[in-house]
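Novice: Input file: entry-v1.tsv. Contents: TSV, C-alpha atoms.
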```tsv
chain	number	residue	atom	x	y	z
A	1119	MET	CA	136.09	125.41	118.52
A	1120	GLY	CA	135.46	123.38	115.46
A	1121	ASP	CA	137.41	121.73	112.69
A	1122	ALA	CA	139.42	123.87	110.28
A	1123	THR	CA	142.32	123.54	107.91
A	1124	ARG	CA	144.59	126.57	107.64
A	1125	ALA	CA	147.19	127.58	105.11
A	1126	LEU	CA	149.73	129.83	106.81
A	1127	PRO	CA	152.08	132.33	105.21
A	1128	ALA	CA	155.60	131.08	104.64
A	1129	ALA	CA	157.98	131.42	107.57
A	1130	HIS	CA	161.66	130.66	107.84
A	1131	PRO	CA	162.54	128.05	110.47
A	1132	PRO	CA	166.21	127.57	111.22
A	1133	PRO	CA	167.73	124.86	109.04
A	1134	CYS	CA	168.52	121.43	110.38
A	1135	PRO	CA	172.25	121.26	111.09
A	1136	ARG	CA	174.94	119.68	108.99
A	1137	PRO	CA	176.37	116.40	110.28
A	1138	GLY	CA	178.85	117.09	113.03
A	1139	ALA	CA	177.56	120.58	113.81
A	1140	GLU	CA	176.94	121.39	117.45
A	1141	VAL	CA	173.36	121.88	118.56
A	1142	GLY	CA	172.38	123.54	121.81
A	1143	ALA	CA	175.86	123.41	123.28
A	1144	GLY	CA	177.54	125.92	125.56
A	1145	HIS	CA	175.67	129.19	125.98
A	1146	GLY	CA	173.46	128.65	122.98
A	1147	ASP	CA	172.87	130.33	119.66
A	1148	PRO	CA	171.77	133.97	120.15
A	1149	ARG	CA	170.05	133.93	116.74
A	1150	LYS	CA	167.71	131.23	117.99
A	1151	GLY	CA	167.30	132.78	121.45
A	1152	LEU	CA	168.60	129.60	123.09
A	1153	LEU	CA	169.40	130.52	126.66
A	1154	SER	CA	171.16	127.47	128.06
A	1155	GLU	CA	171.36	123.75	128.61
A	1156	LEU	CA	169.94	122.64	131.97
A	1157	LYS	CA	170.66	119.67	134.23
A	1158	LEU	CA	168.02	119.28	136.92
A	1159	ALA	CA	168.92	116.95	139.78
A	1160	VAL	CA	166.67	113.94	140.49
A	1161	PRO	CA	167.29	110.98	142.85
A	1162	TRP	CA	168.58	108.75	140.02
A	1163	GLY	CA	170.76	111.38	138.32
A	1164	HIS	CA	169.51	114.34	136.30
A	1165	ILE	CA	166.89	115.42	133.79
A	1166	ALA	CA	168.40	117.35	130.91
A	1167	ALA	CA	166.63	120.26	129.24
A	1168	LYS	CA	167.25	123.25	127.01
A	1169	ALA	CA	165.76	126.69	127.51
A	1170	TRP	CA	164.89	129.65	125.29
A	1171	GLY	CA	163.93	133.17	126.31
A	1172	SER	CA	163.96	135.15	129.54
A	1173	GLN	CA	163.43	133.27	132.79
A	1174	GLN	CA	161.13	136.11	133.85
A	1175	ALA	CA	158.77	135.45	130.93
A	1176	ARG	CA	155.70	133.22	130.99
A	1177	PRO	CA	156.82	129.56	131.05
A	1178	VAL	CA	156.03	126.87	128.49
A	1179	LEU	CA	157.13	123.26	129.07
A	1180	CYS	CA	157.79	121.32	125.85
A	1181	LEU	CA	157.49	117.52	125.88
A	1182	HIS	CA	158.86	115.37	123.06
A	1183	GLY	CA	157.46	112.17	121.60
A	1184	TRP	CA	158.40	108.54	122.21
A	1185	LEU	CA	162.15	107.86	121.75
A	1186	ASP	CA	162.74	111.48	120.61
A	1187	ASN	CA	164.43	114.24	122.61
A	1188	ALA	CA	164.37	117.98	123.30
A	1189	ASN	CA	165.80	118.78	119.85
A	1190	SER	CA	162.33	117.96	118.54
A	1191	PHE	CA	161.42	121.62	119.18
A	1192	ASP	CA	164.55	123.29	117.79
A	1193	ARG	CA	162.93	124.45	114.56
A	1194	LEU	CA	159.55	125.45	116.03
A	1195	ILE	CA	160.47	127.52	119.08
A	1196	PRO	CA	162.42	130.19	117.15
A	1197	LEU	CA	159.18	130.90	115.23
A	1198	LEU	CA	157.09	131.39	118.40
A	1199	PRO	CA	156.60	134.62	120.40
A	1200	LYS	CA	159.75	135.81	122.14
A	1201	ASP	CA	157.93	136.90	125.31
A	1202	PHE	CA	157.78	133.35	126.70
A	1203	HIS	CA	160.29	131.14	128.48
A	1204	TYR	CA	160.38	127.76	126.72
A	1205	VAL	CA	161.94	124.72	128.37
A	1206	ALA	CA	162.16	121.49	126.39
A	1207	VAL	CA	163.07	118.45	128.49
A	1208	ASP	CA	164.51	115.05	127.70
A	1209	PHE	CA	162.35	112.45	129.43
A	1210	GLY	CA	164.21	110.00	131.65
A	1211	GLY	CA	166.12	107.48	129.53
A	1212	HIS	CA	165.98	109.77	126.48
A	1213	GLY	CA	168.41	112.29	125.01
A	1214	LEU	CA	170.88	113.57	127.59
A	1215	SER	CA	168.82	112.62	130.68
A	1216	SER	CA	169.89	109.92	133.10
A	1217	HIS	CA	168.45	106.45	132.70
A	1218	TYR	CA	166.05	105.26	135.38
A	1219	SER	CA	167.59	103.13	138.11
A	1220	PRO	CA	167.78	99.36	137.53
A	1221	GLY	CA	164.43	97.71	138.13
A	1222	VAL	CA	162.42	100.90	137.62
A	1223	PRO	CA	160.07	100.65	134.60
A	1224	TYR	CA	159.38	103.41	132.09
A	1225	TYR	CA	155.68	103.89	132.69
A	1226	GLN	CA	153.75	106.98	131.64
A	1227	GLU	CA	152.94	107.84	135.24
A	1228	ASN	CA	156.69	108.00	135.97
A	1229	PHE	CA	157.12	110.58	133.20
A	1230	VAL	CA	154.28	112.58	134.78
A	1231	SER	CA	156.25	112.50	138.03
A	1232	ASP	CA	159.28	113.74	136.08
A	1233	ILE	CA	157.29	116.82	135.06
A	1234	ARG	CA	156.36	117.49	138.68
A	1235	ARG	CA	160.04	117.30	139.65
A	1236	VAL	CA	161.07	119.58	136.78
A	1237	VAL	CA	158.58	122.35	137.54
A	1238	ALA	CA	159.42	122.15	141.25
A	1239	ALA	CA	163.09	122.64	140.40
A	1240	LEU	CA	162.21	125.55	138.10
A	1241	LYS	CA	159.88	127.00	140.77
A	1242	TRP	CA	156.98	127.23	138.33
A	1243	LYS	CA	153.53	127.48	139.90
A	1244	ARG	CA	151.52	127.94	136.72
A	1245	PHE	CA	152.61	127.27	133.15
A	1246	SER	CA	151.62	126.01	129.71
A	1247	ILE	CA	152.46	122.62	128.20
A	1248	MET	CA	153.19	121.81	124.56
A	1249	GLY	CA	153.49	118.09	123.83
A	1250	HIS	CA	154.08	116.05	120.69
A	1251	SER	CA	152.73	112.51	120.39
A	1252	PHE	CA	153.51	110.57	123.61
A	1253	GLY	CA	154.61	113.86	125.21
A	1254	GLY	CA	151.11	115.23	124.70
A	1255	MET	CA	149.61	112.27	126.56
A	1256	VAL	CA	152.05	112.80	129.43
A	1257	GLY	CA	151.15	116.49	129.44
A	1258	GLY	CA	147.45	115.70	129.33
A	1259	MET	CA	147.68	113.32	132.27
A	1260	PHE	CA	149.68	115.88	134.25
A	1261	SER	CA	147.11	118.58	133.40
A	1262	SER	CA	144.25	116.48	134.77
A	1263	ILE	CA	146.14	115.45	137.94
A	1264	TYR	CA	147.42	119.00	138.59
A	1265	PRO	CA	144.74	121.09	136.85
A	1266	GLU	CA	145.50	124.25	138.82
A	1267	MET	CA	149.08	124.34	137.48
A	1268	VAL	CA	148.39	124.25	133.72
A	1269	ASP	CA	146.65	127.12	131.94
A	1270	LYS	CA	147.16	126.03	128.30
A	1271	LEU	CA	147.74	122.63	126.75
A	1272	ILE	CA	148.98	122.34	123.16
A	1273	LEU	CA	148.68	118.85	121.63
A	1274	LEU	CA	150.73	118.18	118.49
A	1275	ASP	CA	149.11	115.31	116.55
A	1276	THR	CA	148.08	113.48	119.71
A	1277	LEU	CA	145.34	113.09	122.29
A	1278	PRO	CA	145.55	114.22	125.94
A	1279	PHE	CA	144.90	110.69	127.23
A	1280	ALA	CA	145.77	107.25	125.85
A	1281	LEU	CA	142.88	105.37	124.28
A	1282	ASP	CA	143.40	102.01	122.59
A	1283	ALA	CA	141.24	101.06	119.62
A	1284	LYS	CA	140.78	97.56	121.03
A	1285	GLY	CA	139.64	98.90	124.37
A	1286	VAL	CA	141.07	98.09	127.77
A	1287	GLU	CA	141.14	94.37	126.90
A	1288	GLU	CA	144.69	94.73	125.58
A	1289	VAL	CA	146.06	96.50	128.65
A	1290	LEU	CA	147.11	93.35	130.51
A	1291	THR	CA	148.83	92.05	127.37
A	1292	TYR	CA	150.80	95.30	127.14
A	1293	LYS	CA	151.74	95.17	130.82
A	1294	ARG	CA	152.99	91.62	130.50
A	1295	GLY	CA	155.04	92.58	127.45
A	1296	ALA	CA	156.53	95.53	129.33
A	1297	ILE	CA	157.59	93.38	132.28
A	1298	GLU	CA	159.08	90.65	130.10
A	1299	HIS	CA	160.98	93.13	127.95
A	1300	MET	CA	162.45	94.86	131.00
A	1301	LEU	CA	163.56	91.56	132.56
A	1302	GLN	CA	165.15	90.35	129.33
A	1303	THR	CA	166.96	93.63	128.73
A	1304	GLU	CA	168.30	93.82	132.26
A	1305	ALA	CA	169.52	90.22	132.03
A	1306	SER	CA	171.32	90.85	128.75
A	1307	GLN	CA	175.06	91.43	128.95
A	1308	LYS	CA	175.39	92.58	125.36
A	1309	PRO	CA	177.42	95.78	124.96
A	1310	ARG	CA	175.83	98.76	123.26
A	1311	GLN	CA	176.02	98.47	119.50
A	1312	VAL	CA	178.39	100.90	117.77
A	1313	VAL	CA	177.55	101.86	114.19
A	1314	SER	CA	178.74	104.42	111.69
A	1315	PRO	CA	176.94	107.78	111.51
A	1316	GLU	CA	175.50	106.92	108.10
A	1317	GLU	CA	174.21	103.53	109.23
A	1318	MET	CA	172.70	105.14	112.34
A	1319	LEU	CA	170.93	107.66	110.12
A	1320	GLN	CA	169.57	105.02	107.76
A	1321	ARG	CA	168.30	102.89	110.64
A	1322	PHE	CA	166.60	105.91	112.16
A	1323	LEU	CA	164.92	106.85	108.88
A	1324	LYS	CA	163.72	103.27	108.37
A	1325	ASN	CA	162.03	103.32	111.79
A	1326	ASN	CA	160.77	106.93	111.51
A	1327	SER	CA	159.35	107.39	108.05
A	1328	HIS	CA	157.68	110.69	108.98
A	1329	VAL	CA	160.98	112.46	109.68
A	1330	SER	CA	162.99	114.17	106.94
A	1331	GLU	CA	166.66	113.24	106.63
A	1332	GLU	CA	167.96	116.58	107.83
A	1333	CYS	CA	165.66	116.61	110.84
A	1334	ALA	CA	166.60	113.02	111.63
A	1335	ARG	CA	170.17	114.28	111.94
A	1336	LEU	CA	168.94	116.90	114.39
A	1337	LEU	CA	167.30	114.30	116.64
A	1338	LEU	CA	170.31	112.00	116.41
A	1339	GLN	CA	172.69	114.76	117.52
A	1340	ARG	CA	171.08	114.74	120.96
A	1341	GLY	CA	170.13	111.09	120.83
A	1342	THR	CA	173.60	109.61	120.20
A	1343	THR	CA	177.11	109.77	121.62
A	1344	GLN	CA	180.31	109.69	119.58
A	1345	VAL	CA	182.77	106.95	120.55
A	1346	ALA	CA	186.07	105.99	118.96
A	1347	SER	CA	184.60	103.71	116.30
A	1348	GLY	CA	181.21	105.33	115.62
A	1349	LEU	CA	177.98	106.26	117.39
A	1350	ILE	CA	175.94	104.66	120.14
A	1351	MET	CA	172.34	105.45	121.03
A	1352	ASN	CA	171.86	107.37	124.27
A	1353	ARG	CA	168.41	106.07	125.10
A	1354	ASP	CA	167.84	103.30	127.62
A	1355	ARG	CA	167.50	99.89	125.99
A	1356	ARG	CA	164.63	99.11	128.36
A	1357	LEU	CA	162.53	101.53	126.31
A	1358	ALA	CA	160.55	99.43	123.86
A	1359	LEU	CA	157.14	99.77	122.24
A	1360	PRO	CA	155.21	102.86	123.36
A	1361	GLU	CA	152.26	100.58	124.17
A	1362	TYR	CA	154.36	99.07	126.94
A	1363	SER	CA	154.65	102.42	128.71
A	1364	MET	CA	151.33	104.12	127.96
A	1365	ASP	CA	148.62	104.23	130.62
A	1366	PHE	CA	145.58	103.30	128.54
A	1367	ILE	CA	142.25	104.36	129.99
A	1368	SER	CA	138.62	103.53	129.30
A	1369	ARG	CA	136.30	105.94	127.52
A	1370	GLU	CA	134.57	106.56	130.84
A	1371	LEU	CA	137.86	107.57	132.47
A	1372	PHE	CA	138.72	109.69	129.40
A	1373	VAL	CA	135.56	111.73	130.03
A	1374	HIS	CA	136.29	111.98	133.76
A	1375	SER	CA	139.88	113.13	133.08
A	1376	ALA	CA	138.73	115.71	130.52
A	1377	LYS	CA	136.31	117.17	133.07
A	1378	LYS	CA	139.22	117.73	135.45
A	1379	LEU	CA	141.10	119.93	132.97
A	1380	GLN	CA	141.14	123.65	133.73
A	1381	ALA	CA	143.42	124.47	130.82
A	1382	HIS	CA	142.47	125.82	127.43
A	1383	VAL	CA	143.35	123.07	124.95
A	1384	LEU	CA	144.60	123.37	121.37
A	1385	LEU	CA	144.75	120.13	119.38
A	1386	LEU	CA	146.62	120.34	116.08
A	1387	LYS	CA	146.02	117.24	113.99
A	1388	ALA	CA	148.29	116.63	111.02
A	1389	ILE	CA	146.35	115.73	107.88
A	1390	GLN	CA	148.82	112.93	107.11
A	1391	GLY	CA	149.44	112.31	110.80
A	1392	TYR	CA	149.49	109.32	113.10
A	1393	TYR	CA	145.82	108.39	112.82
A	1394	ASN	CA	145.82	108.78	109.03
A	1395	VAL	CA	149.00	106.99	107.98
A	1396	ARG	CA	150.23	104.67	110.69
A	1397	ARG	CA	146.78	103.56	111.71
A	1398	GLU	CA	144.25	103.29	108.95
A	1399	ASN	CA	141.54	101.03	110.29
A	1400	ASP	CA	138.06	102.16	111.29
A	1401	SER	CA	138.50	101.40	114.99
A	1402	ASP	CA	141.42	103.83	115.27
A	1403	ARG	CA	139.51	106.52	113.41
A	1404	ASN	CA	136.61	105.96	115.77
A	1405	VAL	CA	138.89	106.52	118.75
A	1406	MET	CA	139.98	109.87	117.31
A	1407	LEU	CA	136.41	110.91	116.52
A	1408	PHE	CA	135.23	109.96	120.00
A	1409	ALA	CA	138.04	111.92	121.64
A	1410	ILE	CA	137.47	115.07	119.55
A	1411	ASP	CA	133.70	115.01	120.10
A	1412	MET	CA	134.13	114.45	123.83
A	1413	LEU	CA	136.68	117.24	124.24
A	1414	LYS	CA	134.37	119.62	122.34
A	1415	SER	CA	131.46	118.60	124.54
A	1416	VAL	CA	133.29	118.86	127.86
A	1417	LEU	CA	135.61	121.82	127.30
A	1418	LYS	CA	133.33	123.83	124.99
A	1419	GLU	CA	134.95	127.22	124.22
A	1420	ARG	CA	138.18	126.11	125.94
A	1421	PHE	CA	138.86	123.60	123.15
A	1422	GLN	CA	140.21	124.32	119.66
A	1423	TYR	CA	140.72	121.61	117.04
A	1424	ILE	CA	142.57	122.50	113.85
A	1425	GLN	CA	143.90	120.32	111.06
A	1426	VAL	CA	147.22	121.32	109.50
A	1427	PRO	CA	149.17	120.14	106.42
A	1428	ASP	CA	152.01	117.61	106.68
A	1429	ASN	CA	152.62	114.54	108.81
A	1430	HIS	CA	153.11	113.37	112.40
A	1431	TYR	CA	156.33	115.41	112.73
A	1432	VAL	CA	154.89	118.60	111.25
A	1433	HIS	CA	156.30	120.70	114.13
A	1434	LEU	CA	159.82	119.58	113.15
A	1435	ASN	CA	159.62	119.10	109.37
A	1436	GLN	CA	157.36	122.06	108.56
A	1437	PRO	CA	157.11	124.20	111.71
A	1438	GLN	CA	155.72	127.12	109.72
A	1439	ASN	CA	152.51	125.08	109.31
A	1440	VAL	CA	151.79	125.30	113.04
A	1441	ALA	CA	153.80	128.25	114.39
A	1442	GLY	CA	151.19	130.91	113.61
A	1443	ILE	CA	148.35	128.94	115.20
A	1444	ILE	CA	150.38	128.15	118.32
A	1445	SER	CA	151.53	131.76	118.63
A	1446	THR	CA	147.96	133.07	118.51
A	1447	PHE	CA	146.89	130.51	121.10
A	1448	LEU	CA	149.76	131.33	123.48
A	1449	LEU	CA	149.17	135.09	123.17
A	1450	SER	CA	145.41	134.86	123.75
A	1451	LYS	CA	144.28	136.46	127.01
A	1452	GLU	CA	141.96	133.69	128.09
A	1453	THR	CA	143.74	132.89	131.34
A	1454	ALA	CA	145.02	134.61	134.43
A	1455	PRO	CA	148.58	135.96	134.39
A	1456	HIS	CA	151.34	133.53	135.37
A	1457	GLU	CA	152.62	133.72	138.90
A	1458	PRO	CA	156.37	134.25	139.21
```
Here is the file; what I need is its structure written in the form of structure tokens.

Specialist:
Amino acid sequence: MGDATRALPAAHPPPCPRPGAEVGAGHGDPRKGLLSELKLAVPWGHIAAKAWGSQQARPVLCLHGWLDNANSFDRLIPLLPKDFHYVAVDFGGHGLSSHYSPGVPYYQENFVSDIRRVVAALKWKRFSIMGHSFGGMVGGMFSSIYPEMVDKLILLDTLPFALDAKGVEEVLTYKRGAIEHMLQTEASQKPRQVVSPEEMLQRFLKNNSHVSEECARLLLQRGTTQVASGLIMNRDRRLALPEYSMDFISRELFVHSAKKLQAHVLLLKAIQGYYNVRRENDSDRNVMLFAIDMLKSVLKERFQYIQVPDNHYVHLNQPQNVAGIISTFLLSKETAPHEP
């Protein structure tokens, strides 16, 4: 319902852990309300997740960004209303989830199928979705394919559907790159690289300039495994550029997909976020402007667009900047009660 920038009162998110500290293990940390770690069976293994709050409360599915994991929400969820049941998943090939079977590509539509499997296992009929970056696009696609299942969609510095600034002309180039990368990776016999914890951290920070050092440690705790001589990355090496996995759509299909949404949508755009820092050309800004204008036009009072301070990882680095807005949105009585 319009563009606004809000300054929120200071809150106190839990600190990022010290190196070597356990995160989300065992029965959880009562102070954070962490209920348990979950392993949901799928044909190729399992999808890992972590849950907060009572299973009888209204459910919220939390979807992390590209190459991240469920720890992405560890500092935000403790600041949100306690009368919800939050489940943050690791997408296939990420975090503690099983890798896809050999020969199966990591396409966005497959991640949408993962969501359908997860909510079937959890026996959820109607729920809310909160997605960061790539996770928001997966959540948006799910919400348009299964509109009756999603009542609220929270987008953290992302759009609900993938639009490319160069248009659909690049899609075939991306698809070719995805196929070639998968074939090369599967043919490679190289063992997984083992590096020291400090080197792993520095590599991560170099590739993720928006993440603070302490929060990088948090993501790496779920994203790496300790071996005798150091750490190895958990994620599947077939995962490459996000462009290789994203299902880019035309502007016409963007409008059609938006019209299918039944959910109320909250889009929180970081002022120094993805479209401001990583992509600075006019064509990318035009994509964002088109998407915002179209969502306002199609969803009307069901759409809220708010700008917040900080960068692409605001929900992790500075969760107090978004927690109040998300809490108000979740608690609003704009939708029918959840079915058990």

Novice: Closest to Cys1180 in chain A among A:Glu1419, A:Asp1192, A:Glu1331, A:Glu1298, using all atoms listed in the file?

Specialist: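 Of all the options, A:Asp1192 lies closest to Cys1180 in chain A.
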
Novice: Would you kindly identify which residues have an atom no farther than 12 Å from (149.1, 116.1, 135.6), using all atoms listed in the file and the file's own coordinates, and write them out as a compact mmCIF listing (two decimals) with C-alpha atoms, in the coordinates of the input?

Specialist:
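This went into point-v1.txt:
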```txt
# COMPACT_ATOMS: atom_id res chain seq x y z
CA GLN A 1226 153.75 106.98 131.64
CA GLU A 1227 152.94 107.84 135.24
CA ASN A 1228 156.69 108.00 135.97
CA PHE A 1229 157.12 110.58 133.20
CA VAL A 1230 154.28 112.58 134.78
CA SER A 1231 156.25 112.50 138.03
CA ASP A 1232 159.28 113.74 136.08
CA ILE A 1233 157.29 116.82 135.06
CA ARG A 1234 156.36 117.49 138.68
CA ARG A 1235 160.04 117.30 139.65
CA VAL A 1237 158.58 122.35 137.54
CA PHE A 1245 152.61 127.27 133.15
CA SER A 1246 151.62 126.01 129.71
CA ILE A 1247 152.46 122.62 128.20
CA GLY A 1253 154.61 113.86 125.21
CA GLY A 1254 151.11 115.23 124.70
CA MET A 1255 149.61 112.27 126.56
CA VAL A 1256 152.05 112.80 129.43
CA GLY A 1257 151.15 116.49 129.44
CA GLY A 1258 147.45 115.70 129.33
CA MET A 1259 147.68 113.32 132.27
CA PHE A 1260 149.68 115.88 134.25
CA SER A 1261 147.11 118.58 133.40
CA SER A 1262 144.25 116.48 134.77
CA ILE A 1263 146.14 115.45 137.94
CA TYR A 1264 147.42 119.00 138.59
CA PRO A 1265 144.74 121.09 136.85
CA GLU A 1266 145.50 124.25 138.82
CA MET A 1267 149.08 124.34 137.48
CA VAL A 1268 148.39 124.25 133.72
CA ASP A 1269 146.65 127.12 131.94
CA LEU A 1271 147.74 122.63 126.75
CA PRO A 1278 145.55 114.22 125.94
CA PHE A 1279 144.90 110.69 127.23
CA SER A 1375 139.88 113.13 133.08
CA ALA A 1376 138.73 115.71 130.52
CA LYS A 1378 139.22 117.73 135.45
CA LEU A 1379 141.10 119.93 132.97
CA GLN A 1380 141.14 123.65 133.73
CA ALA A 1381 143.42 124.47 130.82
```

Novice: Distance cut-off 12 Å, centre (164.2, 117.3, 122.1) in file coordinates, counting all atoms listed in the file: which residues qualify? Return them as number ranges by chain.

Specialist: A: 1141-1142, 1155, 1166-1169, 1179-1195, 1205-1209, 1212-1215, 1249-1250, 1253, 1333-1334, 1336-1341, 1433-1434

Novice: Export, as a PDB file, in the frame of the given file, the selected residues with C-alpha atoms.

Specialist:
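Result file selection23.pdb:
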```
ATOM      1  CA  VAL A1141     173.360 121.880 118.560  1.00  0.00           C
ATOM      2  CA  GLY A1142     172.380 123.540 121.810  1.00  0.00           C
ATOM      3  CA  GLU A1155     171.360 123.750 128.610  1.00  0.00           C
ATOM      4  CA  ALA A1166     168.400 117.350 130.910  1.00  0.00           C
ATOM      5  CA  ALA A1167     166.630 120.260 129.240  1.00  0.00           C
ATOM      6  CA  LYS A1168     167.250 123.250 127.010  1.00  0.00           C
ATOM      7  CA  ALA A1169     165.760 126.690 127.510  1.00  0.00           C
ATOM      8  CA  LEU A1179     157.130 123.260 129.070  1.00  0.00           C
ATOM      9  CA  CYS A1180     157.790 121.320 125.850  1.00  0.00           C
ATOM     10  CA  LEU A1181     157.490 117.520 125.880  1.00  0.00           C
ATOM     11  CA  HIS A1182     158.860 115.370 123.060  1.00  0.00           C
ATOM     12  CA  GLY A1183     157.460 112.170 121.600  1.00  0.00           C
ATOM     13  CA  TRP A1184     158.400 108.540 122.210  1.00  0.00           C
ATOM     14  CA  LEU A1185     162.150 107.860 121.750  1.00  0.00           C
ATOM     15  CA  ASP A1186     162.740 111.480 120.610  1.00  0.00           C
ATOM     16  CA  ASN A1187     164.430 114.240 122.610  1.00  0.00           C
ATOM     17  CA  ALA A1188     164.370 117.980 123.300  1.00  0.00           C
ATOM     18  CA  ASN A1189     165.800 118.780 119.850  1.00  0.00           C
ATOM     19  CA  SER A1190     162.330 117.960 118.540  1.00  0.00           C
ATOM     20  CA  PHE A1191     161.420 121.620 119.180  1.00  0.00           C
ATOM     21  CA  ASP A1192     164.550 123.290 117.790  1.00  0.00           C
ATOM     22  CA  ARG A1193     162.930 124.450 114.560  1.00  0.00           C
ATOM     23  CA  LEU A1194     159.550 125.450 116.030  1.00  0.00           C
ATOM     24  CA  ILE A1195     160.470 127.520 119.080  1.00  0.00           C
ATOM     25  CA  VAL A1205     161.940 124.720 128.370  1.00  0.00           C
ATOM     26  CA  ALA A1206     162.160 121.490 126.390  1.00  0.00           C
ATOM     27  CA  VAL A1207     163.070 118.450 128.490  1.00  0.00           C
ATOM     28  CA  ASP A1208     164.510 115.050 127.700  1.00  0.00           C
ATOM     29  CA  PHE A1209     162.350 112.450 129.430  1.00  0.00           C
ATOM     30  CA  HIS A1212     165.980 109.770 126.480  1.00  0.00           C
ATOM     31  CA  GLY A1213     168.410 112.290 125.010  1.00  0.00           C
ATOM     32  CA  LEU A1214     170.880 113.570 127.590  1.00  0.00           C
ATOM     33  CA  SER A1215     168.820 112.620 130.680  1.00  0.00           C
ATOM     34  CA  GLY A1249     153.490 118.090 123.830  1.00  0.00           C
ATOM     35  CA  HIS A1250     154.080 116.050 120.690  1.00  0.00           C
ATOM     36  CA  GLY A1253     154.610 113.860 125.210  1.00  0.00           C
ATOM     37  CA  CYS A1333     165.660 116.610 110.840  1.00  0.00           C
ATOM     38  CA  ALA A1334     166.600 113.020 111.630  1.00  0.00           C
ATOM     39  CA  LEU A1336     168.940 116.900 114.390  1.00  0.00           C
ATOM     40  CA  LEU A1337     167.300 114.300 116.640  1.00  0.00           C
ATOM     41  CA  LEU A1338     170.310 112.000 116.410  1.00  0.00           C
ATOM     42  CA  GLN A1339     172.690 114.760 117.520  1.00  0.00           C
ATOM     43  CA  ARG A1340     171.080 114.740 120.960  1.00  0.00           C
ATOM     44  CA  GLY A1341     170.130 111.090 120.830  1.00  0.00           C
ATOM     45  CA  HIS A1433     156.300 120.700 114.130  1.00  0.00           C
ATOM     46  CA  LEU A1434     159.820 119.580 113.150  1.00  0.00           C
TER      47      LEU A1434
END
```

Novice: Show which residues sit within 8 Å of Arg1176 in chain A, as a list in words. Count all atoms listed in the file, and ignore same-chain residues fewer than 6 positions away.

Specialist: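 The filter keeps Asp1201, Phe1202, His1203, Phe1245 and His1456 of chain A.
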
Novice: Report the distance between CA of Arg1310 in chain A and CA of Gly1211 in chain A in Å, rounded to one decimal place.

Specialist: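 Going from CA of Arg1310 in chain A over to CA of Gly1211 in chain A, I get 14.5 Å.
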
Novice: Quick one: everything within 9 Å of Leu1413 in chain A, counting all atoms listed in the file, minus sequence neighbours fewer than 4 positions away in the same chain. Send it as a PDB file with C-alpha atoms, keeping the file's coordinate frame.

Specialist:
```pdb
ATOM      1  CA  VAL A1373     135.560 111.730 130.030  1.00  0.00           C
ATOM      2  CA  ALA A1376     138.730 115.710 130.520  1.00  0.00           C
ATOM      3  CA  LYS A1377     136.310 117.170 133.070  1.00  0.00           C
ATOM      4  CA  VAL A1383     143.350 123.070 124.950  1.00  0.00           C
ATOM      5  CA  PHE A1408     135.230 109.960 120.000  1.00  0.00           C
ATOM      6  CA  ALA A1409     138.040 111.920 121.640  1.00  0.00           C
ATOM      7  CA  LEU A1417     135.610 121.820 127.300  1.00  0.00           C
ATOM      8  CA  LYS A1418     133.330 123.830 124.990  1.00  0.00           C
ATOM      9  CA  PHE A1421     138.860 123.600 123.150  1.00  0.00           C
TER      10      PHE A1421
END
```

Novice: To one decimal in Å, tell me the separation between CA of Val1329 in chain A and CA of Gln1436 in chain A.

Specialist: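 Answer for the CA of Val1329 in chain A to CA of Gln1436 in chain A separation: 10.3 Å.
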
Novice: Just how far from CA of Gln1344 in chain A is CA of Leu1152 in chain A, in Å to one decimal?

Specialist: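 Separation between CA of Leu1152 in chain A and CA of Gln1344 in chain A: 23.4 Å.
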
Novice: Give me the residues near Val1345 in chain A as a compact mmCIF listing (two decimals) with C-alpha atoms, keeping the file's coordinate frame, where near means some atom within 10 Å (using all atoms listed in the file) and where sequence neighbours in that chain fewer than 5 positions away do not count.

Specialist:
```txt
# COMPACT_ATOMS: atom_id res chain seq x y z
CA VAL A 1312 178.39 100.90 117.77
CA VAL A 1313 177.55 101.86 114.19
CA ILE A 1350 175.94 104.66 120.14
```

Novice: Quick one: everything within 8 Å of Leu1385 in chain A, counting only C-alpha atoms, minus sequence neighbours fewer than 4 positions away in the same chain. Send it as a ChimeraX atom specification.

Specialist: /A:1272-1277,1421-1424

Novice: Could you turn the residues from that selection into a file that holds C-alpha atoms, as an mmCIF file, keeping the file's coordinate frame?

Specialist:
```cif
data_model
loop_
_atom_site.group_PDB
_atom_site.id
_atom_site.type_symbol
_atom_site.label_atom_id
_atom_site.label_comp_id
_atom_site.auth_asym_id
_atom_site.auth_seq_id
_atom_site.Cartn_x
_atom_site.Cartn_y
_atom_site.Cartn_z
ATOM 1 C CA ILE A 1272 148.980 122.340 123.160
ATOM 2 C CA LEU A 1273 148.680 118.850 121.630
ATOM 3 C CA LEU A 1274 150.730 118.180 118.490
ATOM 4 C CA ASP A 1275 149.110 115.310 116.550
ATOM 5 C CA THR A 1276 148.080 113.480 119.710
ATOM 6 C CA LEU A 1277 145.340 113.090 122.290
ATOM 7 C CA PHE A 1421 138.860 123.600 123.150
ATOM 8 C CA GLN A 1422 140.210 124.320 119.660
ATOM 9 C CA TYR A 1423 140.720 121.610 117.040
ATOM 10 C CA ILE A 1424 142.570 122.500 113.850
#
```

Novice: With distances taken over only C-alpha atoms, which of A:Asn1435, A:Gln1173, A:Ser1368, A:Ser1450 is nearest to Glu1332 in chain A?

Specialist: A:Asn1435
